[in-house]
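Q: For reference, the file input.txt (compact mmCIF, C-alpha atoms and all ligand atoms) is included below:
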```
# COMPACT_ATOMS: atom_id res chain seq x y z
CA MET A 9 0.00 0.00 0.00
CA GLU A 10 2.79 2.38 0.93
CA GLU A 11 4.64 1.36 -2.21
CA LEU A 12 1.59 2.38 -4.23
CA PHE A 13 1.68 5.81 -2.63
CA TRP A 14 5.29 6.40 -3.66
CA VAL A 15 4.78 5.14 -7.18
CA LEU A 16 1.81 7.44 -7.63
CA LEU A 17 3.56 10.40 -6.03
CA ILE A 18 6.74 10.08 -8.06
CA GLY A 19 4.84 9.23 -11.23
CA ALA A 20 2.63 12.29 -10.79
CA ALA A 21 5.67 14.49 -10.12
CA VAL A 22 7.43 13.29 -13.28
CA LEU A 23 4.33 13.74 -15.44
CA TRP A 24 3.58 17.15 -13.99
CA THR A 25 7.12 18.35 -14.61
CA ALA A 26 7.07 17.01 -18.18
CA VAL A 27 3.73 18.63 -19.02
CA ILE A 28 4.60 22.00 -17.48
CA GLY A 29 8.05 21.80 -19.06
CA ALA A 30 6.50 21.21 -22.49
CA ALA A 31 4.13 24.14 -21.96
CA VAL A 32 6.94 26.51 -20.99
CA TYR A 33 9.03 25.30 -23.94
CA ALA A 34 6.12 25.87 -26.34
CA GLN A 35 5.67 29.40 -24.98
CA LYS A 36 9.29 30.33 -25.41
CA ARG A 37 9.83 28.82 -28.82
CA GLN A 38 9.26 30.60 -32.13
CA VAL A 39 6.57 29.15 -34.39
CA ASP A 40 8.26 26.97 -36.97
CA PRO A 41 5.87 25.60 -39.63
CA SER A 42 8.35 22.97 -40.76
CA LEU A 43 7.95 21.22 -37.41
CA GLU A 44 4.20 20.79 -37.82
CA ARG A 45 4.36 17.08 -38.74
CA GLN A 46 6.59 16.32 -35.78
CA ALA A 47 4.30 18.27 -33.53
CA ARG A 48 1.33 16.22 -34.63
CA TRP A 49 3.09 12.96 -33.94
CA PHE A 50 4.13 14.33 -30.58
CA ILE A 51 0.52 15.11 -29.76
CA ILE A 52 -0.62 11.67 -30.84
CA TRP A 53 1.97 9.83 -28.79
CA GLY A 54 2.11 12.16 -25.82
CA GLY A 55 -1.59 12.99 -25.76
CA ALA A 56 -3.24 9.73 -26.74
CA VAL A 57 -1.13 6.60 -27.00
CA ILE A 58 1.07 6.92 -23.93
CA PRO A 59 -1.78 8.10 -21.63
CA THR A 60 -3.94 5.19 -22.80
CA LEU A 61 -1.19 2.68 -22.09
CA LEU A 62 -0.41 4.30 -18.74
CA VAL A 63 -4.02 4.39 -17.62
CA GLY A 64 -4.47 0.80 -18.81
CA GLY A 65 -1.39 -0.27 -16.87
CA LEU A 66 -2.46 1.54 -13.71
CA LEU A 67 -5.95 0.08 -14.01
CA ALA A 68 -4.54 -3.43 -14.25
CA TRP A 69 -2.18 -2.84 -11.34
CA GLY A 70 -4.94 -1.34 -9.23
CA MET A 71 -7.06 -4.39 -9.87
CA VAL A 72 -4.25 -6.72 -8.85
CA ILE A 73 -4.05 -4.88 -5.52
CA LEU A 74 -7.82 -4.87 -5.14
CA ARG A 75 -7.91 -8.59 -5.88
CA ASP A 76 -5.45 -9.22 -3.08
CA ILE A 77 -7.44 -7.32 -0.47
CA THR A 78 -10.77 -8.76 -1.57
CA SER A 79 -9.45 -12.29 -1.91
CA ASP A 80 -11.39 -14.97 -0.11
CA THR A 81 -8.58 -16.85 1.50
CA GLY A 82 -6.70 -16.05 4.66
CA ASP A 83 -4.78 -17.67 7.49
CA LEU A 84 -7.58 -16.68 9.81
CA THR A 85 -11.23 -15.86 9.19
CA VAL A 86 -13.09 -13.30 11.25
CA ARG A 87 -16.75 -12.52 10.70
CA VAL A 88 -17.78 -9.02 11.64
CA ASP A 89 -21.40 -7.96 11.67
CA GLY A 90 -22.12 -4.24 11.78
CA GLU A 91 -24.91 -3.40 14.26
CA ARG A 92 -26.27 -0.07 15.34
CA TRP A 93 -23.73 1.00 16.75
CA TRP A 94 -21.32 -1.73 17.60
CA TRP A 95 -19.52 -4.74 16.10
CA ARG A 96 -20.43 -8.38 16.55
CA VAL A 97 -17.18 -10.30 16.05
CA THR A 98 -16.86 -14.04 15.45
CA TYR A 99 -13.50 -15.78 15.09
CA GLU A 100 -13.55 -19.01 13.16
CA GLY A 101 -11.14 -20.68 15.56
CA PRO A 102 -9.62 -24.16 15.45
CA GLU A 103 -12.23 -25.42 17.90
CA GLY A 104 -15.26 -23.69 16.47
CA ASP A 105 -16.59 -20.18 16.55
CA VAL A 106 -15.51 -17.71 19.23
CA VAL A 107 -18.00 -14.89 19.67
CA THR A 108 -16.93 -11.53 21.04
CA ALA A 109 -17.52 -7.86 20.25
CA ASN A 110 -16.11 -4.40 19.70
CA GLU A 111 -12.48 -5.36 19.46
CA ILE A 112 -10.47 -7.01 16.69
CA ARG A 113 -7.24 -8.84 17.39
CA ILE A 114 -5.16 -10.35 14.63
CA PRO A 115 -1.67 -11.87 14.42
CA VAL A 116 1.14 -9.90 12.76
CA GLY A 117 2.41 -11.09 9.36
CA GLN A 118 -0.61 -13.28 8.66
CA THR A 119 -3.52 -12.57 6.39
CA ALA A 120 -6.77 -12.14 8.23
CA LEU A 121 -9.85 -12.50 6.08
CA PHE A 122 -12.79 -10.45 7.30
CA ARG A 123 -16.21 -11.56 6.17
CA LEU A 124 -18.42 -8.55 6.63
CA THR A 125 -22.18 -8.31 7.01
CA ALA A 126 -24.60 -5.78 8.42
CA ASP A 127 -27.65 -6.13 10.59
CA ASP A 128 -30.05 -3.52 9.23
CA VAL A 129 -28.27 -0.49 7.74
CA ILE A 130 -25.05 -0.04 5.78
CA HIS A 131 -21.83 0.38 7.77
CA SER A 132 -18.26 0.44 6.60
CA PHE A 133 -15.39 -1.41 8.21
CA TRP A 134 -12.18 0.59 8.20
CA VAL A 135 -8.81 0.31 9.91
CA PRO A 136 -6.96 3.19 8.23
CA ALA A 137 -3.48 2.11 9.34
CA LEU A 138 -3.93 -1.38 7.90
CA GLY A 139 -5.36 -0.13 4.60
CA GLY A 140 -8.53 -1.01 2.79
CA LYS A 141 -12.07 -0.09 3.69
CA MET A 142 -15.09 -2.19 2.93
CA ASP A 143 -18.80 -1.53 3.09
CA MET A 144 -20.97 -3.81 5.20
CA ILE A 145 -24.26 -4.31 3.43
CA PRO A 146 -27.40 -5.94 4.86
CA GLY A 147 -28.19 -9.17 3.05
CA ARG A 148 -24.77 -9.46 1.46
CA GLU A 149 -21.35 -10.60 2.49
CA THR A 150 -18.31 -8.57 1.52
CA THR A 151 -14.74 -9.59 2.24
CA LEU A 152 -11.59 -7.74 3.15
CA ALA A 153 -8.16 -9.33 3.60
CA LEU A 154 -5.65 -7.49 5.77
CA THR A 155 -2.04 -8.48 6.38
CA PRO A 156 -0.68 -6.32 9.21
CA GLN A 157 3.09 -5.77 9.29
CA GLU A 158 3.53 -4.18 12.68
CA VAL A 159 2.43 -4.98 16.21
CA GLY A 160 0.33 -2.26 17.80
CA ASN A 161 -3.12 -0.92 18.45
CA TRP A 162 -4.46 0.59 15.25
CA GLY A 163 -7.84 2.17 15.74
CA GLY A 164 -10.75 1.29 13.49
CA LEU A 165 -14.10 2.88 12.87
CA CYS A 166 -17.33 2.83 10.95
CA ALA A 167 -16.83 4.91 7.81
CA GLU A 168 -20.38 5.04 6.52
CA PHE A 169 -22.95 7.24 8.25
CA CYS A 170 -25.36 4.86 9.94
CA GLY A 171 -27.46 6.99 12.27
CA GLY A 172 -27.35 8.61 15.70
CA ALA A 173 -24.25 7.14 17.33
CA HIS A 174 -22.29 6.61 14.11
CA ALA A 175 -19.45 8.84 15.29
CA LEU A 176 -19.11 6.65 18.41
CA MET A 177 -18.95 3.39 16.47
CA ARG A 178 -15.27 2.57 16.77
CA PHE A 179 -13.11 -0.37 17.72
CA ASP A 180 -9.57 -1.23 18.67
CA ALA A 181 -7.70 -3.19 16.02
CA ILE A 182 -4.89 -4.84 17.91
CA VAL A 183 -2.07 -6.58 16.04
CA MET A 184 -0.26 -9.14 18.20
CA GLU A 185 2.60 -11.61 17.97
CA PRO A 186 1.15 -14.91 16.71
CA GLY A 187 1.85 -16.69 20.03
CA ASP A 188 0.15 -13.96 22.04
CA PHE A 189 -2.75 -14.06 19.67
CA GLU A 190 -3.22 -17.82 20.09
CA ALA A 191 -3.24 -17.39 23.87
CA TRP A 192 -5.68 -14.52 23.64
CA LEU A 193 -8.04 -16.47 21.37
CA ALA A 194 -7.96 -19.48 23.69
CA ALA A 195 -8.77 -17.26 26.70
CA GLU A 196 -11.55 -15.58 24.73
CA ALA A 197 -13.00 -18.97 23.78
CA ALA A 198 -13.23 -20.06 27.42
CA PRO A 199 -16.52 -19.46 29.24
CA ALA A 200 -16.76 -16.85 31.99
CA GLN A 201 -15.89 -17.90 35.55
CA VAL A 202 -18.97 -16.82 37.48
CA SER A 203 -19.69 -18.17 40.92
CA GLU A 204 -23.28 -19.07 41.73
CA ASP A 205 -23.57 -16.61 44.60
CA ASP A 206 -21.93 -13.60 42.92
CA PRO A 207 -24.16 -10.72 44.09
CA GLY A 208 -23.36 -8.73 40.95
CA PHE A 209 -24.50 -11.54 38.73
CA ALA A 210 -27.75 -11.67 40.70
CA VAL A 211 -28.30 -7.96 39.95
CA PHE A 212 -27.44 -8.63 36.29
CA GLN A 213 -30.17 -11.28 36.17
CA GLU A 214 -32.75 -9.28 38.15
CA GLU A 215 -32.38 -6.24 35.92
CA GLY A 216 -32.85 -8.36 32.82
CA CYS A 217 -29.47 -7.61 31.27
CA GLY A 218 -29.30 -11.25 30.20
CA ALA A 219 -32.23 -10.73 27.85
CA CYS A 220 -29.96 -8.70 25.60
CA HIS A 221 -26.46 -9.82 26.57
CA ALA A 222 -24.82 -13.22 26.57
CA VAL A 223 -22.32 -14.33 29.20
CA ARG A 224 -21.11 -17.75 28.15
CA GLY A 225 -20.98 -20.15 31.08
CA THR A 226 -24.16 -18.70 32.59
CA ASP A 227 -27.72 -18.85 31.37
CA ALA A 228 -27.56 -15.26 30.10
CA ALA A 229 -27.73 -15.71 26.35
CA GLY A 230 -29.41 -12.59 24.94
CA PRO A 231 -28.49 -11.98 21.31
CA VAL A 232 -29.43 -8.27 21.06
CA GLY A 233 -26.33 -6.58 22.47
CA PRO A 234 -22.60 -7.30 22.57
CA ASP A 235 -21.37 -10.56 24.08
CA LEU A 236 -20.12 -9.73 27.59
CA THR A 237 -18.34 -13.00 28.40
CA HIS A 238 -14.96 -11.25 28.58
CA VAL A 239 -16.05 -7.63 28.39
CA ALA A 240 -13.43 -6.49 30.93
CA ALA A 241 -10.67 -7.97 28.76
CA ARG A 242 -11.40 -5.38 26.10
CA GLU A 243 -9.31 -2.24 26.10
CA LYS A 244 -12.34 -0.01 25.59
CA LEU A 245 -15.97 0.19 26.58
CA GLY A 246 -18.94 0.97 24.35
CA ALA A 247 -17.46 0.07 20.95
CA GLY A 248 -14.01 1.60 21.24
CA VAL A 249 -15.14 4.81 22.93
CA TYR A 250 -14.33 4.87 26.67
CA GLU A 251 -11.51 3.51 28.78
CA MET A 252 -12.51 0.26 30.45
CA THR A 253 -12.70 1.51 34.06
CA PRO A 254 -15.20 0.81 36.86
CA GLN A 255 -16.21 4.50 36.83
CA ASN A 256 -17.07 4.44 33.15
CA MET A 257 -18.81 1.11 33.55
CA ALA A 258 -21.06 2.58 36.25
CA LEU A 259 -21.84 5.62 34.10
CA TRP A 260 -22.53 3.35 31.14
CA ILE A 261 -25.26 1.62 33.13
CA THR A 262 -26.86 4.63 34.83
CA GLU A 263 -26.35 7.37 32.20
CA THR A 264 -26.32 5.20 29.15
CA HIS A 265 -27.64 7.76 26.70
CA GLU A 266 -25.35 10.50 27.94
CA MET A 267 -22.46 8.14 27.31
CA LYS A 268 -23.70 7.12 23.88
CA PRO A 269 -26.85 8.70 22.46
CA ASP A 270 -29.63 6.77 20.75
CA ILE A 271 -28.36 3.28 21.55
CA ASP A 272 -30.67 0.32 21.97
CA MET A 273 -29.70 -0.25 25.58
CA PRO A 274 -32.01 1.31 28.19
CA PRO A 275 -30.44 3.38 31.01
CA TYR A 276 -30.75 2.17 34.59
CA PRO A 277 -30.76 5.46 36.55
CA ASP A 278 -32.32 3.84 39.62
CA LEU A 279 -29.46 1.46 40.16
CA ASP A 280 -27.20 2.82 42.87
CA GLY A 281 -25.33 2.06 46.03
CA ALA A 282 -24.38 -1.49 46.77
CA ARG A 283 -26.35 -3.00 43.88
CA LEU A 284 -24.59 -0.82 41.31
CA ASP A 285 -21.21 -1.50 42.90
CA ALA A 286 -21.84 -5.23 42.85
CA LEU A 287 -22.96 -5.14 39.21
CA VAL A 288 -19.91 -3.12 38.16
CA ALA A 289 -17.61 -5.41 40.13
CA PHE A 290 -19.20 -8.40 38.42
CA LEU A 291 -18.77 -6.88 34.95
CA MET A 292 -15.16 -5.90 35.66
CA SER A 293 -14.49 -9.47 36.77
CA LEU A 294 -15.42 -10.75 33.33
CA ASP A 295 -11.76 -10.78 32.36
CA HIS A 296 -9.58 -13.55 31.01
CA ALA A 297 -8.67 -16.28 33.48
CA GLU A 298 -5.02 -15.92 34.47
CA MET B 28 -3.02 3.11 -54.59
CA THR B 29 -6.63 3.46 -55.62
CA ARG B 30 -9.25 3.42 -53.00
CA GLU B 31 -12.88 2.66 -53.40
CA SER B 32 -13.55 6.26 -52.46
CA ASP B 33 -11.47 7.45 -55.36
CA LYS B 34 -13.39 5.43 -57.88
CA GLN B 35 -16.71 7.10 -57.35
CA PRO B 36 -16.14 10.78 -56.84
CA GLY B 37 -19.32 12.13 -55.36
CA GLY B 38 -21.37 9.16 -56.45
CA TYR B 39 -23.64 6.97 -54.41
CA GLY B 40 -23.46 3.99 -56.75
CA PRO B 41 -25.35 3.41 -59.96
CA PRO B 42 -28.90 4.77 -60.15
CA GLY B 43 -31.42 2.36 -58.76
CA ASP B 44 -28.86 0.90 -56.40
CA ALA B 45 -29.97 1.34 -52.82
CA PRO B 46 -27.45 3.47 -50.89
CA ARG B 47 -25.32 1.42 -48.58
CA LEU B 48 -25.88 1.80 -44.86
CA ILE B 49 -22.14 1.96 -44.45
CA GLY B 50 -20.65 3.36 -47.62
CA GLN B 51 -19.72 6.69 -49.02
CA GLY B 52 -21.94 9.53 -48.04
CA SER B 53 -23.54 7.66 -45.17
CA VAL B 54 -22.68 8.89 -41.69
CA TRP B 55 -23.81 5.75 -39.86
CA ILE B 56 -20.27 4.46 -39.67
CA MET B 57 -19.45 7.20 -37.18
CA VAL B 58 -21.97 6.00 -34.59
CA ALA B 59 -21.44 2.30 -35.25
CA ALA B 60 -18.31 1.77 -33.16
CA PRO B 61 -19.47 3.69 -30.06
CA THR B 62 -22.77 1.83 -30.32
CA ILE B 63 -20.99 -1.50 -30.27
CA TRP B 64 -19.07 -0.34 -27.20
CA ALA B 65 -22.31 0.75 -25.47
CA LEU B 66 -24.04 -2.54 -26.24
CA HIS B 67 -21.02 -4.48 -25.07
CA PHE B 68 -20.93 -2.45 -21.85
CA VAL B 69 -24.60 -3.01 -21.04
CA ALA B 70 -24.41 -6.67 -22.04
CA SER B 71 -21.31 -7.37 -19.92
CA TYR B 72 -22.69 -5.77 -16.80
CA THR B 73 -26.16 -7.26 -17.16
CA PHE B 74 -24.68 -10.66 -17.81
CA ALA B 75 -22.29 -10.52 -14.84
CA ALA B 76 -24.99 -9.18 -12.50
CA THR B 77 -27.49 -11.84 -13.57
CA TRP B 78 -24.89 -14.56 -13.24
CA CYS B 79 -23.88 -13.41 -9.78
CA ALA B 80 -27.49 -13.20 -8.60
CA LYS B 81 -28.54 -16.57 -10.02
CA ALA B 82 -25.51 -18.81 -10.28
CA GLY B 83 -23.40 -17.69 -7.38
CA PRO B 84 -20.09 -16.46 -6.30
CA SER B 85 -17.68 -17.86 -8.88
CA LEU B 86 -17.02 -15.88 -12.03
CA ALA B 87 -14.58 -18.47 -13.37
CA GLU B 88 -16.80 -19.79 -16.17
CA PRO B 89 -18.59 -16.61 -17.26
CA ARG B 90 -15.30 -14.76 -17.64
CA TRP B 91 -14.78 -16.79 -20.84
CA ILE B 92 -18.09 -15.62 -22.16
CA ILE B 93 -17.16 -12.06 -21.24
CA ALA B 94 -13.85 -12.53 -23.01
CA MET B 95 -15.58 -13.92 -26.10
CA MET B 96 -18.01 -11.00 -26.19
CA GLY B 97 -15.04 -8.65 -25.99
CA VAL B 98 -13.18 -10.40 -28.80
CA ILE B 99 -16.24 -10.43 -31.06
CA CYS B 100 -16.93 -6.75 -30.45
CA VAL B 101 -13.31 -5.75 -31.01
CA ALA B 102 -13.30 -7.81 -34.24
CA LEU B 103 -16.48 -6.05 -35.41
CA ILE B 104 -14.87 -2.72 -34.69
CA GLY B 105 -11.74 -3.82 -36.54
CA TRP B 106 -13.90 -4.55 -39.56
CA LEU B 107 -15.51 -1.10 -39.28
CA ALA B 108 -12.06 0.46 -39.09
CA LEU B 109 -11.15 -1.38 -42.27
CA LEU B 110 -14.27 0.01 -43.96
CA ALA B 111 -13.41 3.50 -42.75
CA VAL B 112 -10.05 3.17 -44.46
CA ARG B 113 -11.21 1.37 -47.60
CA ARG B 114 -14.52 2.97 -48.39
CA TYR B 115 -13.97 6.42 -46.94
CA GLY B 116 -10.26 6.82 -47.34
CA GLY B 117 -9.90 7.58 -43.65
CA VAL B 118 -6.40 7.97 -42.25
CA PHE B 119 -5.14 7.92 -38.70
CA VAL B 120 -3.32 11.24 -38.76
CA ILE B 121 -4.39 14.12 -40.96
CA PHE B 122 -1.49 16.37 -41.80
CA GLU B 123 -3.25 18.98 -43.84
CA GLU B 124 -6.63 20.27 -42.80
CA ILE B 125 -9.68 19.14 -44.71
CA THR B 126 -11.32 22.39 -45.75
CA GLU B 127 -12.48 21.61 -49.24
CA SER B 128 -16.24 21.31 -49.75
CA SER B 129 -16.59 18.15 -51.78
CA GLU B 130 -17.95 14.64 -51.39
CA ARG B 131 -14.43 13.34 -51.37
CA ALA B 132 -13.35 15.64 -48.54
CA ARG B 133 -16.48 14.88 -46.55
CA ASP B 134 -15.84 11.17 -46.92
CA ARG B 135 -12.26 11.54 -45.82
CA PHE B 136 -13.43 13.48 -42.80
CA ILE B 137 -16.02 10.85 -41.89
CA GLY B 138 -13.42 8.13 -42.43
CA HIS B 139 -10.94 9.87 -40.16
CA VAL B 140 -13.47 10.46 -37.38
CA SER B 141 -14.76 6.90 -37.64
CA LEU B 142 -11.28 5.47 -37.49
CA LEU B 143 -10.48 7.42 -34.33
CA LEU B 144 -13.81 6.42 -32.79
CA CYS B 145 -13.07 2.79 -33.63
CA ILE B 146 -9.77 2.98 -31.77
CA LEU B 147 -11.40 4.70 -28.80
CA SER B 148 -14.22 2.16 -28.66
CA ALA B 149 -11.85 -0.79 -28.90
CA VAL B 150 -9.77 0.55 -26.00
CA ALA B 151 -12.95 1.19 -24.02
CA ILE B 152 -14.11 -2.38 -24.60
CA VAL B 153 -10.79 -3.73 -23.39
CA PHE B 154 -11.07 -1.57 -20.26
CA THR B 155 -14.63 -2.80 -19.69
CA ALA B 156 -13.66 -6.44 -19.98
CA LEU B 157 -10.40 -6.17 -18.01
CA PRO B 158 -11.86 -6.63 -14.50
CA GLY B 159 -13.22 -9.99 -15.66
CA PHE B 160 -9.66 -11.24 -15.93
CA PHE B 161 -8.56 -10.09 -12.53
CA PHE B 162 -11.52 -11.10 -10.41
CA SER B 163 -12.76 -14.62 -10.34
CA THR B 164 -15.49 -13.98 -7.80
CA CYS B 165 -18.58 -11.81 -7.74
CU CU C 301 -21.54 4.22 10.85
```
As structure tokens - that is how I would like this structure written.
A:
Amino acid sequence: MEELFWVLLIGAAVLWTAVIGAAVYAQKRQVDPSLERQARWFIIWGGAVIPTLLVGGLLAWGMVILRDITSDTGDLTVRVDGERWWWRVTYEGPEGDVVTANEIRIPVGQTALFRLTADDVIHSFWVPALGGKMDMIPGRETTLALTPQEVGNWGGLCAEFCGGAHALMRFDAIVMEPGDFEAWLAAEAAPAQVSEDDPGFAVFQEEGCGACHAVRGTDAAGPVGPDLTHVAAREKLGAGVYEMTPQNMALWITETHEMKPDIDMPPYPDLDGARLDALVAFLMSLDHAE
Amino acid sequence: MTRESDKQPGGYGPPGDAPRLIGQGSVWIMVAAPTIWALHFVASYTFAATWCAKAGPSLAEPRWIIAMMGVICVALIGWLALLAVRRYGGVFVIFEEITESSERARDRFIGHVSLLLCILSAVAIVFTALPGFFFSTC
């Protein structure tokens, strides 16, 4: 991708200089009728034949690049479904699907194939630093293959206006060493460790959070909102928007629509005191087992 | 070298002979090549879209049909280019302006324009068909 940038930049600089140079030369030079034939050939080659070949060549090259990023093979397949206004993420792991949300992790140097869909409106999946951007269209599957070269956290976002909280529809795209990635995926695949008498989990059930959210390993299996099995293992809260801290978690529950307008989750302003603390503690405990 | 256009200065064939659709004096040759390009364009896209909707994600087989359509259309245009040269006396580059008001000059002008349009249309057809060679999926 970077190579493409340099080729285009240098190519454009050369062409620009040549065209402006020719214009200046033509201005300076006396009219010489005997050169008319030559001039015509110059126009035909410089104005028609060479541009056609160049554009044809660039078109072909562009398509080769596009073919690579839309290819349908990869070392790893990740399905991402665009929802209003968050991301449902499913890794096709060695031992079956691993469902998570709002964070993408992929191993460095390997090609990750993203199979993209959308729930009800069009979104667009974009990690600028990794290149390529692909629309997510309801009723269709689009693909995007990314091969990250450097370890790091490269932010991603929705790049197609999709309604109220579009600007807050982000995610962390974290590129890891392959070994770290394997460990992370295994931890993510494991069910949550929730003890029967966890007071926070009791609040979670009483308030009906489980109707929308799934916590694998418990009987909460709601499909409406993000999977919360390992929510505290994510770097950010609310689709890449807030730091994952107990304070933000509490605000997310009580002042939901101040944190993120329009979203499909109802606020729980009446939760406070010990019940809220217990719920937040429970959610923050949904981390990876050490 | 004698050209067909030289043999009949200003004539449209013997009396009673129906004028040719593509022959001296007729301007249809100028629109023919771009029309072939337009038909090829619509046909390629309709075909690919229908195939993708009905037959599914692989474009491996229909790309041959797309290629064949391209070859046929380019061949047709090649034939038109030949007619532009033979019947109209069209040339690729005109070195002296055509200002004379005569059948012969008009024919040469039509031939020249048609020839250039043929080249343009052929390039456009190649550009239209090109993606078919790079992408094997819908
Ligand atoms: Cu959006």
Q: Can you find the residues with an atom no farther than 8 Å from (-26.1, -9.4, 24.8), counting all atoms listed in the file, and report them as a PDB file with C-alpha atoms, in the coordinates of the input?
A:
```
ATOM      1  CA  CYS A 217     -29.470  -7.610  31.270  1.00  0.00           C
ATOM      2  CA  GLY A 218     -29.300 -11.250  30.200  1.00  0.00           C
ATOM      3  CA  ALA A 219     -32.230 -10.730  27.850  1.00  0.00           C
ATOM      4  CA  CYS A 220     -29.960  -8.700  25.600  1.00  0.00           C
ATOM      5  CA  HIS A 221     -26.460  -9.820  26.570  1.00  0.00           C
ATOM      6  CA  ALA A 222     -24.820 -13.220  26.570  1.00  0.00           C
ATOM      7  CA  VAL A 223     -22.320 -14.330  29.200  1.00  0.00           C
ATOM      8  CA  ALA A 229     -27.730 -15.710  26.350  1.00  0.00           C
ATOM      9  CA  GLY A 230     -29.410 -12.590  24.940  1.00  0.00           C
ATOM     10  CA  PRO A 231     -28.490 -11.980  21.310  1.00  0.00           C
ATOM     11  CA  VAL A 232     -29.430  -8.270  21.060  1.00  0.00           C
ATOM     12  CA  GLY A 233     -26.330  -6.580  22.470  1.00  0.00           C
ATOM     13  CA  PRO A 234     -22.600  -7.300  22.570  1.00  0.00           C
ATOM     14  CA  ASP A 235     -21.370 -10.560  24.080  1.00  0.00           C
ATOM     15  CA  LEU A 236     -20.120  -9.730  27.590  1.00  0.00           C
TER      16      LEU A 236
END
```
Q: Once you count only C-alpha atoms, which residues of chain B turn out to be within 10 Å of chain A? Could you give them as a PyMOL selection string?
A: chain B and resi 119-123+147+150-151+153-154+157-158+160-165
Q: Any idea what the distance is between atom CA of A:Ile114 and atom CA of A:Ala198?
A: 18.0 Å
Q: Would you please work out which residue, of A:Arg283, A:Arg148, A:Lys141, A:Arg92, is nearest to ligand CU 301 (chain C) when using all atoms listed in the file?
A: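 Counting all atoms listed in the file, the residue closest to ligand CU 301 (chain C) is A:Arg92.
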Q: Step by step, measure atom-to-atom distances between ligand CU 301 (chain C) and each residue using all atoms listed in the file, keep those at most 7 Å, then write them as a list in words.
A: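 Residues lying within 7 Å of ligand CU 301 (chain C): His131, Ser132, Cys166, Ala167, Glu168, Phe169, Cys170, Gly171, His174, Ala175 and Met177 of chain A.
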Q: Report, in Å with one decimal, the straight-line distance from atom CA of A:Ala200 to atom CA of A:Thr237.
A: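 Separation of atom CA of A:Ala200 and atom CA of A:Thr237: 5.5 Å.
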Q: Provide the atom CA of A:Asp272 to atom CA of A:Trp93 distance in Å, to one decimal place.
A: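 Atom-to-atom, atom CA of A:Asp272 and atom CA of A:Trp93 are spaced 8.7 Å apart.
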Q: Would you kindly return, as a PDB file with C-alpha atoms, in the coordinates of the input, each protein, DNA or RNA residue with an atom no farther than 10 Å from any atom of B:Arg135, considering all atoms listed in the file and excluding same-chain residues fewer than 4 positions away?
A:
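For reference, out_1.pdb as written:
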```pdb
ATOM      1  CA  SER B  32     -13.550   6.260 -52.460  1.00  0.00           C
ATOM      2  CA  GLN B  51     -19.720   6.690 -49.020  1.00  0.00           C
ATOM      3  CA  ALA B 111     -13.410   3.500 -42.750  1.00  0.00           C
ATOM      4  CA  VAL B 112     -10.050   3.170 -44.460  1.00  0.00           C
ATOM      5  CA  ARG B 114     -14.520   2.970 -48.390  1.00  0.00           C
ATOM      6  CA  TYR B 115     -13.970   6.420 -46.940  1.00  0.00           C
ATOM      7  CA  GLY B 116     -10.260   6.820 -47.340  1.00  0.00           C
ATOM      8  CA  GLY B 117      -9.900   7.580 -43.650  1.00  0.00           C
ATOM      9  CA  VAL B 118      -6.400   7.970 -42.250  1.00  0.00           C
ATOM     10  CA  ILE B 121      -4.390  14.120 -40.960  1.00  0.00           C
ATOM     11  CA  ILE B 125      -9.680  19.140 -44.710  1.00  0.00           C
ATOM     12  CA  SER B 129     -16.590  18.150 -51.780  1.00  0.00           C
ATOM     13  CA  GLU B 130     -17.950  14.640 -51.390  1.00  0.00           C
ATOM     14  CA  ARG B 131     -14.430  13.340 -51.370  1.00  0.00           C
ATOM     15  CA  HIS B 139     -10.940   9.870 -40.160  1.00  0.00           C
ATOM     16  CA  VAL B 140     -13.470  10.460 -37.380  1.00  0.00           C
ATOM     17  CA  SER B 141     -14.760   6.900 -37.640  1.00  0.00           C
TER      18      SER B 141
END
```
Q: Taking the point (-15.5, -10.1, 42.5) as given in the file, collect each protein or nucleic acid residue that comes within 12 Å of it, counting only C-alpha atoms, and present the set as an mmCIF file with C-alpha atoms, keeping the file's coordinate frame.
A:
```cif
data_model
loop_
_atom_site.group_PDB
_atom_site.id
_atom_site.type_symbol
_atom_site.label_atom_id
_atom_site.label_comp_id
_atom_site.auth_asym_id
_atom_site.auth_seq_id
_atom_site.Cartn_x
_atom_site.Cartn_y
_atom_site.Cartn_z
ATOM 1 C CA GLN A 201 -15.890 -17.900 35.550
ATOM 2 C CA VAL A 202 -18.970 -16.820 37.480
ATOM 3 C CA SER A 203 -19.690 -18.170 40.920
ATOM 4 C CA GLU A 204 -23.280 -19.070 41.730
ATOM 5 C CA ASP A 205 -23.570 -16.610 44.600
ATOM 6 C CA ASP A 206 -21.930 -13.600 42.920
ATOM 7 C CA PRO A 207 -24.160 -10.720 44.090
ATOM 8 C CA GLY A 208 -23.360 -8.730 40.950
ATOM 9 C CA PHE A 209 -24.500 -11.540 38.730
ATOM 10 C CA ASP A 285 -21.210 -1.500 42.900
ATOM 11 C CA ALA A 286 -21.840 -5.230 42.850
ATOM 12 C CA LEU A 287 -22.960 -5.140 39.210
ATOM 13 C CA VAL A 288 -19.910 -3.120 38.160
ATOM 14 C CA ALA A 289 -17.610 -5.410 40.130
ATOM 15 C CA PHE A 290 -19.200 -8.400 38.420
ATOM 16 C CA LEU A 291 -18.770 -6.880 34.950
ATOM 17 C CA MET A 292 -15.160 -5.900 35.660
ATOM 18 C CA SER A 293 -14.490 -9.470 36.770
ATOM 19 C CA LEU A 294 -15.420 -10.750 33.330
ATOM 20 C CA ASP A 295 -11.760 -10.780 32.360
#
```
Q: With all atoms listed in the file as the counted atoms, please give the residues lying no more than 9 Å from B:Ala75, apart from itself and same-chain residues fewer than 5 positions off, as JSON, numbers by chain.
A: {"B": [70, 80, 86, 89, 90, 93, 165]}
